file target_39.cif (mmCIF, C-alpha atoms)
data_upload
#
loop_
_atom_site.group_PDB
_atom_site.id
_atom_site.type_symbol
_atom_site.label_atom_id
_atom_site.label_comp_id
_atom_site.auth_asym_id
_atom_site.auth_seq_id
_atom_site.Cartn_x
_atom_site.Cartn_y
_atom_site.Cartn_z
ATOM 1 C CA MET A 1 -12.865 16.985 -13.677
ATOM 2 C CA ASN A 2 -16.022 15.109 -12.796
ATOM 3 C CA PHE A 3 -15.946 13.828 -9.214
ATOM 4 C CA SER A 4 -19.131 11.835 -9.801
ATOM 5 C CA ASP A 5 -17.013 9.322 -11.751
ATOM 6 C CA PHE A 6 -15.165 8.418 -8.546
ATOM 7 C CA LYS A 7 -16.384 5.188 -6.948
ATOM 8 C CA GLY A 8 -16.903 4.751 -3.222
ATOM 9 C CA SER A 9 -13.800 2.577 -3.010
ATOM 10 C CA ASP A 10 -11.784 5.361 -4.652
ATOM 11 C CA TRP A 11 -12.950 7.799 -1.980
ATOM 12 C CA LEU A 12 -12.012 5.340 0.770
ATOM 13 C CA VAL A 13 -8.446 5.046 -0.514
ATOM 14 C CA ILE A 14 -8.130 8.780 -1.115
ATOM 15 C CA GLY A 15 -9.660 9.694 2.249
ATOM 16 C CA GLY A 16 -7.707 7.063 4.151
ATOM 17 C CA GLY A 17 -4.452 8.060 2.478
ATOM 18 C CA GLY A 18 -5.197 11.712 3.201
ATOM 19 C CA GLY A 19 -5.927 10.859 6.828
ATOM 20 C CA VAL A 20 -2.595 9.068 7.177
ATOM 21 C CA ALA A 21 -0.850 11.974 5.441
ATOM 22 C CA VAL A 22 -2.250 14.492 7.924
ATOM 23 C CA PHE A 23 -2.430 12.514 11.157
ATOM 24 C CA GLY A 24 0.932 10.893 10.547
ATOM 25 C CA LEU A 25 2.353 14.302 11.428
ATOM 26 C CA PHE A 26 0.555 14.449 14.791
ATOM 27 C CA ASN A 27 1.800 12.970 18.081
ATOM 28 C CA TRP A 28 2.265 9.212 17.951
ATOM 29 C CA THR A 29 3.408 8.521 21.511
ATOM 30 C CA THR A 30 2.453 9.667 24.969
ATOM 31 C CA VAL A 31 4.608 9.380 28.066
ATOM 32 C CA SER A 32 3.488 9.997 31.637
ATOM 33 C CA VAL A 33 5.771 9.757 34.663
ATOM 34 C CA LEU A 34 5.039 10.864 38.228
ATOM 35 C CA GLY A 35 2.037 12.957 37.228
ATOM 36 C CA PHE A 36 3.801 14.648 34.315
ATOM 37 C CA SER A 37 2.909 13.772 30.768
ATOM 38 C CA ASP A 38 4.118 14.637 27.335
ATOM 39 C CA SER A 39 3.433 13.499 23.811
ATOM 40 C CA GLY A 40 5.512 13.602 20.704
ATOM 41 C CA GLY A 41 6.910 11.798 17.742
ATOM 42 C CA ASN A 42 5.223 11.210 14.443
ATOM 43 C CA ALA A 43 5.316 8.773 11.544
ATOM 44 C CA PHE A 44 8.791 9.916 10.554
ATOM 45 C CA ASP A 45 10.279 8.886 13.893
ATOM 46 C CA PHE A 46 9.580 5.215 13.076
ATOM 47 C CA PHE A 47 11.047 4.351 9.679
ATOM 48 C CA PHE A 48 9.704 0.846 8.963
ATOM 49 C CA THR A 49 6.419 1.178 10.829
ATOM 50 C CA GLY A 50 5.794 4.868 10.262
ATOM 51 C CA THR A 51 7.587 6.431 7.303
ATOM 52 C CA ILE A 52 7.199 3.529 4.863
ATOM 53 C CA PRO A 53 3.449 3.097 5.552
ATOM 54 C CA TRP A 54 2.997 6.874 5.314
ATOM 55 C CA LEU A 55 4.652 6.901 1.890
ATOM 56 C CA LEU A 56 2.698 3.860 0.667
ATOM 57 C CA PHE A 57 -0.666 5.281 1.732
ATOM 58 C CA VAL A 58 -0.005 8.737 0.309
ATOM 59 C CA ALA A 59 1.270 7.275 -2.980
ATOM 60 C CA SER A 60 -1.755 4.954 -3.179
ATOM 61 C CA ALA A 61 -4.150 7.851 -2.612
ATOM 62 C CA ILE A 62 -2.442 9.908 -5.318
ATOM 63 C CA ILE A 63 -2.457 7.016 -7.797
ATOM 64 C CA VAL A 64 -6.149 6.286 -7.151
ATOM 65 C CA PHE A 65 -6.969 9.966 -7.649
ATOM 66 C CA LEU A 66 -5.038 10.064 -10.925
ATOM 67 C CA LEU A 67 -6.630 6.826 -12.160
ATOM 68 C CA ALA A 68 -10.165 7.854 -11.184
ATOM 69 C CA SER A 69 -9.783 11.289 -12.778
ATOM 70 C CA GLU A 70 -8.420 9.564 -15.900
ATOM 71 C CA THR A 71 -5.264 11.650 -15.750
ATOM 72 C CA MET A 72 -3.236 8.436 -15.634
ATOM 73 C CA ASP A 73 -3.704 5.509 -18.033
ATOM 74 C CA LYS A 74 -5.246 2.429 -16.400
ATOM 75 C CA ARG A 75 -3.829 0.065 -18.999
ATOM 76 C CA GLY A 76 -0.454 -1.590 -18.716
ATOM 77 C CA LEU A 77 -0.337 -2.467 -15.035
ATOM 78 C CA PRO A 78 -2.815 -4.231 -12.736
ATOM 79 C CA TRP A 79 -3.383 -1.169 -10.553
ATOM 80 C CA PRO A 80 -6.049 -2.711 -8.307
ATOM 81 C CA LEU A 81 -3.654 -5.543 -7.390
ATOM 82 C CA ILE A 82 -0.712 -3.172 -6.866
ATOM 83 C CA LEU A 83 -2.777 -0.808 -4.717
ATOM 84 C CA LEU A 84 -4.140 -3.697 -2.668
ATOM 85 C CA ALA A 85 -0.611 -4.994 -2.023
ATOM 86 C CA ALA A 86 0.721 -1.529 -1.123
ATOM 87 C CA THR A 87 -2.105 -0.644 1.257
ATOM 88 C CA ALA A 88 -2.191 -4.112 2.838
ATOM 89 C CA LEU A 89 1.561 -3.977 3.533
ATOM 90 C CA ALA A 90 1.282 -0.443 4.896
ATOM 91 C CA ALA A 91 -1.692 -1.375 7.100
ATOM 92 C CA LEU A 92 0.193 -4.387 8.447
ATOM 93 C CA LEU A 93 3.219 -2.255 9.308
ATOM 94 C CA LEU A 94 1.009 0.326 11.020
ATOM 95 C CA LEU A 95 -0.721 -2.396 13.005
ATOM 96 C CA PHE A 96 2.679 -3.683 14.185
ATOM 97 C CA ARG A 97 3.496 -0.200 15.436
ATOM 98 C CA PHE A 98 0.097 0.162 17.072
ATOM 99 C CA ILE A 99 0.113 -3.230 18.793
ATOM 100 C CA PHE A 100 3.724 -3.349 19.986
ATOM 101 C CA ASN A 101 4.553 0.397 20.174
ATOM 102 C CA PRO A 102 8.209 -0.030 21.159
ATOM 103 C CA ILE A 103 10.098 3.192 21.754
ATOM 104 C CA GLU A 104 13.586 3.795 23.076
ATOM 105 C CA GLY A 105 13.708 3.999 26.839
ATOM 106 C CA LYS A 106 10.288 2.400 27.353
ATOM 107 C CA ASP A 107 11.687 -0.032 29.929
ATOM 108 C CA ILE A 108 13.301 2.787 31.908
ATOM 109 C CA ILE A 109 10.114 4.859 31.881
ATOM 110 C CA GLU A 110 7.990 1.928 32.999
ATOM 111 C CA ALA A 111 10.537 0.980 35.689
ATOM 112 C CA ALA A 112 10.185 4.508 37.081
ATOM 113 C CA GLY A 113 6.433 4.008 37.401
ATOM 114 C CA GLY A 114 5.604 5.722 34.146
ATOM 115 C CA ASN A 115 3.482 4.757 31.224
ATOM 116 C CA VAL A 116 4.128 4.824 27.481
ATOM 117 C CA GLY A 117 1.045 4.948 25.289
ATOM 118 C CA ARG A 118 -0.247 5.603 21.832
ATOM 119 C CA GLY A 119 -0.859 9.164 20.796
ATOM 120 C CA PHE A 120 -3.814 10.640 18.955
ATOM 121 C CA GLY A 121 -1.935 10.758 15.655
ATOM 122 C CA MET A 122 -1.056 7.065 15.758
ATOM 123 C CA ILE A 123 -4.615 5.988 16.568
ATOM 124 C CA VAL A 124 -6.206 8.070 13.805
ATOM 125 C CA SER A 125 -3.461 7.085 11.338
ATOM 126 C CA VAL A 126 -4.128 3.397 11.951
ATOM 127 C CA VAL A 127 -7.877 3.871 11.480
ATOM 128 C CA SER A 128 -7.269 5.909 8.308
ATOM 129 C CA GLY A 129 -4.857 3.280 7.015
ATOM 130 C CA LEU A 130 -7.369 0.494 7.582
ATOM 131 C CA VAL A 131 -9.987 2.549 5.716
ATOM 132 C CA ALA A 132 -7.598 2.967 2.773
ATOM 133 C CA ALA A 133 -6.783 -0.756 2.754
ATOM 134 C CA ALA A 134 -10.501 -1.596 2.815
ATOM 135 C CA GLY A 135 -11.035 0.759 -0.134
ATOM 136 C CA ALA A 136 -8.206 -0.876 -2.064
ATOM 137 C CA PHE A 137 -9.703 -4.298 -1.353
ATOM 138 C CA LEU A 138 -13.128 -3.172 -2.570
ATOM 139 C CA ASN A 139 -11.504 -1.663 -5.660
ATOM 140 C CA PHE A 140 -9.702 -4.971 -6.274
ATOM 141 C CA GLN A 141 -12.986 -6.877 -6.000
ATOM 142 C CA ALA A 142 -14.783 -4.387 -8.272
ATOM 143 C CA SER A 143 -12.138 -4.967 -10.944
ATOM 144 C CA GLY A 144 -12.967 -8.679 -10.958
ATOM 145 C CA GLY A 145 -10.340 -9.861 -8.489
ATOM 146 C CA GLU A 146 -11.001 -12.477 -5.841
ATOM 147 C CA LEU A 147 -9.076 -13.457 -2.717
ATOM 148 C CA SER A 148 -8.364 -16.856 -4.261
ATOM 149 C CA ASP A 149 -6.550 -15.040 -7.087
ATOM 150 C CA LEU A 150 -3.923 -13.899 -4.588
ATOM 151 C CA THR A 151 -2.860 -17.473 -3.879
ATOM 152 C CA ASP A 152 -2.529 -18.434 -7.554
ATOM 153 C CA ILE A 153 0.861 -17.288 -8.820
ATOM 154 C CA ASN A 154 -0.148 -17.968 -12.426
ATOM 155 C CA LYS A 155 -3.073 -15.516 -12.204
ATOM 156 C CA ILE A 156 -0.781 -12.910 -10.688
ATOM 157 C CA LYS A 157 1.709 -13.418 -13.535
ATOM 158 C CA GLU A 158 -1.078 -13.092 -16.080
ATOM 159 C CA SER A 159 -2.246 -9.809 -14.547
ATOM 160 C CA PHE A 160 1.219 -8.383 -15.155
ATOM 161 C CA GLY A 161 1.197 -9.608 -18.745
ATOM 162 C CA GLY A 162 3.278 -12.723 -18.146
ATOM 163 C CA SER A 163 2.471 -16.191 -19.308
ATOM 164 C CA SER A 164 0.912 -18.616 -16.892
ATOM 165 C CA ALA A 165 2.244 -21.642 -18.736
ATOM 166 C CA ASP A 166 5.877 -22.486 -18.899
ATOM 167 C CA THR A 167 6.003 -22.917 -22.634
ATOM 168 C CA ILE A 168 9.005 -23.685 -24.740
ATOM 169 C CA PRO A 169 9.339 -21.522 -27.829
ATOM 170 C CA PRO A 170 8.450 -23.318 -31.042
ATOM 171 C CA PRO A 171 11.318 -24.860 -32.977
ATOM 172 C CA PRO A 172 12.623 -22.990 -35.973
ATOM 173 C CA PRO A 173 11.111 -23.902 -39.320
ATOM 174 C CA PRO A 174 12.781 -26.820 -41.074
ATOM 175 C CA ALA A 175 15.709 -25.881 -43.215
ATOM 176 C CA ASP A 176 15.347 -26.434 -46.910
ATOM 177 C CA ASP A 177 17.907 -26.066 -49.617
ATOM 178 C CA THR A 178 16.913 -22.558 -50.697
ATOM 179 C CA PRO A 179 19.139 -19.795 -49.350
ATOM 180 C CA PRO A 180 17.562 -16.871 -47.535
ATOM 181 C CA PRO A 181 16.800 -13.783 -49.573
ATOM 182 C CA PRO A 182 19.533 -11.167 -49.788
ATOM 183 C CA PRO A 183 19.257 -8.137 -47.518
ATOM 184 C CA ALA A 184 17.487 -5.076 -48.884
ATOM 185 C CA PRO A 185 19.820 -2.422 -50.360
#
call {"tool": "encode", "arguments": {"input": "target_39.cif", "output": "C-alpha cells"}}
result
Amino acid sequence: MNFSDFKGSDWLVIGGGGGVAVFGLFNWTTVSVLGFSDSGGNAFDFFFTGTIPWLLFVASAIIVFLLASETMDKRGLPWPLILLAATALAALLLLFRFIFNPIEGKDIIEAAGGNVGRGFGMIVSVVSGLVAAAGAFLNFQASGGELSDLTDINKIKESFGGSSADTIPPPPPPADDTPPPPPAP
C-alpha cells in the first residue's frame, strides 16, 4: 500500500474520524457541586448526538481509507457527496451536543449551586469531527463538486446515476401486418 497516494483531504477525514473514534470514549461531561467535581459519560451515553455521529465519522474514515488505498471501487456511487453528507450531518449533531449539552438532572445540579460542563472528550471529539467534515468538503471540491451543486436536485440525481429530465419513454414502434418471429427452439 502506497500512502503517498493519499491526498491531504483523505488524511483529514481519516484523522478526524480516528480522533472521534478515540476521544468519543473519553469523558464528555463534567459536574462540580460544592467543591466536588466528577466527569463521565462518553459518546455512547448520547444516542442521537453522540453514538450516531461517532458511527458516521468512523464509517467515513474507513470508507475514505478503503477508497484511497484502492481496496474499494470508486465507481458506482458518488462517494465524495455521500461522505460530505455523512460528515456534515455528524458534525451538526456533535455541535448540537456541544452547544446545548443537556444532561439529565442538570437543573437540579445547577439549583444546588453546581455546574455542568463539557468534558475533554467532547471538546476534542467536536474539533476532530469538524476536521473530518472539512476534509470531506475538500474531497468533494477536489472531485469537481461545488456548493451550488448541493442545491440542484437534478445534479444530485445525476451523480447517483438517475436522469435529470423527467422523460417519457418512447412509444413502441408502429405495428405493421407482419407477425413477430417465432421463439427460438
call {"tool": "atom_distance", "arguments": {"input": "target_39.cif", "atom1": "CA of Ala132 in chain A", "atom2": "CA of Leu81 in chain A"}}
result
13.8 Å
call {"tool": "residues_near_point", "arguments": {"input": "target_39.cif", "point": "(-3.2, -8.2, -13.7)", "cutoff": "7 Å", "atoms": "only C-alpha atoms", "output": "PyMOL selection string"}}
result
chain A and resi 77-78+81+156+158-161
call {"tool": "closest_atom_pairs", "arguments": {"input": "target_39.cif", "of": "range 82-133 of chain A", "to": "range 9-19 of chain A", "cutoff": "7 Å", "atoms": "only C-alpha atoms", "output": "tab-separated table"}}
result
residue	atom	partner	partner_atom	distance
A:Ser125	CA	A:Gly19	CA	6.4
A:Ser128	CA	A:Gly16	CA	4.3
A:Gly129	CA	A:Gly16	CA	5.5
A:Val131	CA	A:Gly16	CA	5.3
A:Ala132	CA	A:Val13	CA	4.0
A:Ala133	CA	A:Val13	CA	6.9
call {"tool": "residues_around", "arguments": {"input": "target_39.cif", "residues": "Gly145 in chain A", "least_positions_apart": "3", "cutoff": "12 Å", "atoms": "only C-alpha atoms", "output": "ChimeraX atom specification"}}
result
/A:78-82,84,136-142,148-152,155-156,159
call {"tool": "atom_distance", "arguments": {"input": "target_39.cif", "atom1": "CA of Leu55 in chain A", "atom2": "CA of Ile103 in chain A"}}
result
20.9 Å
call {"tool": "atom_distance", "arguments": {"input": "target_39.cif", "atom1": "CA of Phe46 in chain A", "atom2": "CA of Leu66 in chain A"}}
result
28.5 Å
call {"tool": "closest_residue", "arguments": {"input": "target_39.cif", "among": "A:Asp38, A:Phe6, A:Val22, A:Ile62", "to": "Asn115 in chain A", "atoms": "all atoms listed in the file"}}
result
A:Asp38
call {"tool": "resolve_selection", "arguments": {"input": "target_39.cif", "expression": "the PyMOL selection byres ((chain A and resi 69) around 9)", "output": "PyMOL selection string"}}
result
chain A and resi 1-3+5-6+64-68+70-72
call {"tool": "residues_around", "arguments": {"input": "target_39.cif", "residues": "Leu25 in chain A", "least_positions_apart": "4", "cutoff": "8 Å", "atoms": "only C-alpha atoms", "output": "list in words"}}
result
Ala21, Asn42, Ala43, Phe44 and Gly121 of chain A
call {"tool": "resolve_selection", "arguments": {"input": "target_39.cif", "expression": "the PyMOL selection byres ((chain A and resi 97) around 12)", "output": "JSON, numbers by chain"}}
result
{"A": [28, 29, 42, 43, 45, 46, 47, 48, 49, 50, 51, 52, 53, 90, 91, 92, 93, 94, 95, 96, 98, 99, 100, 101, 102, 103, 117, 118, 119, 122, 123, 125, 126]}
call {"tool": "closest_residue", "arguments": {"input": "target_39.cif", "among": "A:Val20, A:Ala111, A:Ile153, A:Ala88", "to": "Val124 in chain A", "atoms": "all atoms listed in the file"}}
result
A:Val20
call {"tool": "closest_residue", "arguments": {"input": "target_39.cif", "among": "A:Ser143, A:Ser4, A:Ala112, A:Asn154", "to": "Lys74 in chain A", "atoms": "all atoms listed in the file"}}
result
A:Ser143
call {"tool": "closest_residue", "arguments": {"input": "target_39.cif", "among": "A:Asp176, A:Gly8, A:Phe120, A:Thr87", "to": "Phe23 in chain A", "atoms": "all atoms listed in the file"}}
result
A:Phe120
call {"tool": "residues_around", "arguments": {"input": "target_39.cif", "residues": "Ile109 in chain A", "least_positions_apart": "3", "cutoff": "12 Å", "atoms": "all atoms listed in the file", "output": "list in words"}}
result
Thr30, Val31, Ser32, Val33, Leu34, Phe36, Ser37, Pro102, Ile103, Glu104, Gly105, Lys106, Ala112, Gly113, Gly114, Asn115, Val116 and Gly117 of chain A
call {"tool": "closest_residue", "arguments": {"input": "target_39.cif", "among": "A:Gly24, A:Pro185, A:Gly135, A:Gly41", "to": "Leu83 in chain A", "atoms": "only C-alpha atoms"}}
result
A:Gly135
call {"tool": "axis_aligned_box", "arguments": {"input": "target_39.cif", "around": "range 78-87 of chain A", "padding_each_side": "3 Å", "output": "JSON"}}
result
{"center_x": -2.7, "center_y": -3.1, "center_z": -5.7, "size_x": 12.8, "size_y": 10.9, "size_z": 20.0}
call {"tool": "build_atoms", "arguments": {"input": "target_39.cif", "residues": "range 108-133 of chain A", "atoms": "N, CA and C atoms", "output": "compact mmCIF listing (two decimals), keeping the file's coordinate frame"}}
result
# COMPACT_ATOMS: atom_id res chain seq x y z
N ILE A 108 12.87 1.87 30.85
CA ILE A 108 13.30 2.79 31.91
C ILE A 108 12.12 3.60 32.42
N ILE A 109 11.28 4.07 31.50
CA ILE A 109 10.11 4.86 31.88
C ILE A 109 9.15 4.02 32.71
N GLU A 110 8.91 2.79 32.27
CA GLU A 110 7.99 1.93 33.00
C GLU A 110 8.57 1.49 34.34
N ALA A 111 9.90 1.33 34.42
CA ALA A 111 10.54 0.98 35.69
C ALA A 111 10.41 2.12 36.69
N ALA A 112 10.32 3.34 36.20
CA ALA A 112 10.18 4.51 37.08
C ALA A 112 8.72 4.77 37.44
N GLY A 113 7.84 3.84 37.08
CA GLY A 113 6.43 4.01 37.40
C GLY A 113 5.67 4.78 36.35
N GLY A 114 6.26 4.97 35.21
CA GLY A 114 5.60 5.72 34.15
C GLY A 114 4.85 4.83 33.19
N ASN A 115 4.28 5.46 32.21
CA ASN A 115 3.48 4.76 31.22
C ASN A 115 3.79 5.32 29.84
N VAL A 116 3.93 4.43 28.87
CA VAL A 116 4.13 4.82 27.48
C VAL A 116 2.90 4.37 26.71
N GLY A 117 2.27 5.29 26.00
CA GLY A 117 1.04 4.95 25.29
C GLY A 117 1.06 5.43 23.85
N ARG A 118 -0.07 5.21 23.23
CA ARG A 118 -0.25 5.60 21.83
C ARG A 118 -0.88 6.99 21.79
N GLY A 119 -0.34 7.82 20.93
CA GLY A 119 -0.86 9.16 20.80
C GLY A 119 -2.03 9.24 19.83
N PHE A 120 -2.66 10.39 19.82
CA PHE A 120 -3.81 10.64 18.95
C PHE A 120 -3.47 10.41 17.49
N GLY A 121 -2.33 10.89 17.06
CA GLY A 121 -1.94 10.76 15.66
C GLY A 121 -1.79 9.31 15.22
N MET A 122 -1.22 8.47 16.09
CA MET A 122 -1.06 7.06 15.76
C MET A 122 -2.41 6.38 15.64
N ILE A 123 -3.30 6.64 16.57
CA ILE A 123 -4.62 5.99 16.57
C ILE A 123 -5.39 6.35 15.30
N VAL A 124 -5.45 7.63 14.98
CA VAL A 124 -6.21 8.07 13.80
C VAL A 124 -5.51 7.63 12.51
N SER A 125 -4.19 7.57 12.52
CA SER A 125 -3.46 7.08 11.34
C SER A 125 -3.77 5.62 11.08
N VAL A 126 -3.82 4.82 12.12
CA VAL A 126 -4.13 3.40 11.95
C VAL A 126 -5.54 3.22 11.41
N VAL A 127 -6.50 3.96 11.97
CA VAL A 127 -7.88 3.87 11.48
C VAL A 127 -7.94 4.32 10.02
N SER A 128 -7.28 5.42 9.69
CA SER A 128 -7.27 5.91 8.31
C SER A 128 -6.61 4.90 7.38
N GLY A 129 -5.53 4.29 7.82
CA GLY A 129 -4.86 3.28 7.02
C GLY A 129 -5.73 2.07 6.76
N LEU A 130 -6.47 1.63 7.76
CA LEU A 130 -7.37 0.49 7.58
C LEU A 130 -8.51 0.84 6.62
N VAL A 131 -8.96 2.09 6.66
CA VAL A 131 -9.99 2.55 5.72
C VAL A 131 -9.43 2.51 4.29
N ALA A 132 -8.21 2.99 4.10
CA ALA A 132 -7.60 2.97 2.77
C ALA A 132 -7.40 1.54 2.28
N ALA A 133 -6.97 0.64 3.15
CA ALA A 133 -6.78 -0.76 2.75
C ALA A 133 -8.12 -1.40 2.40
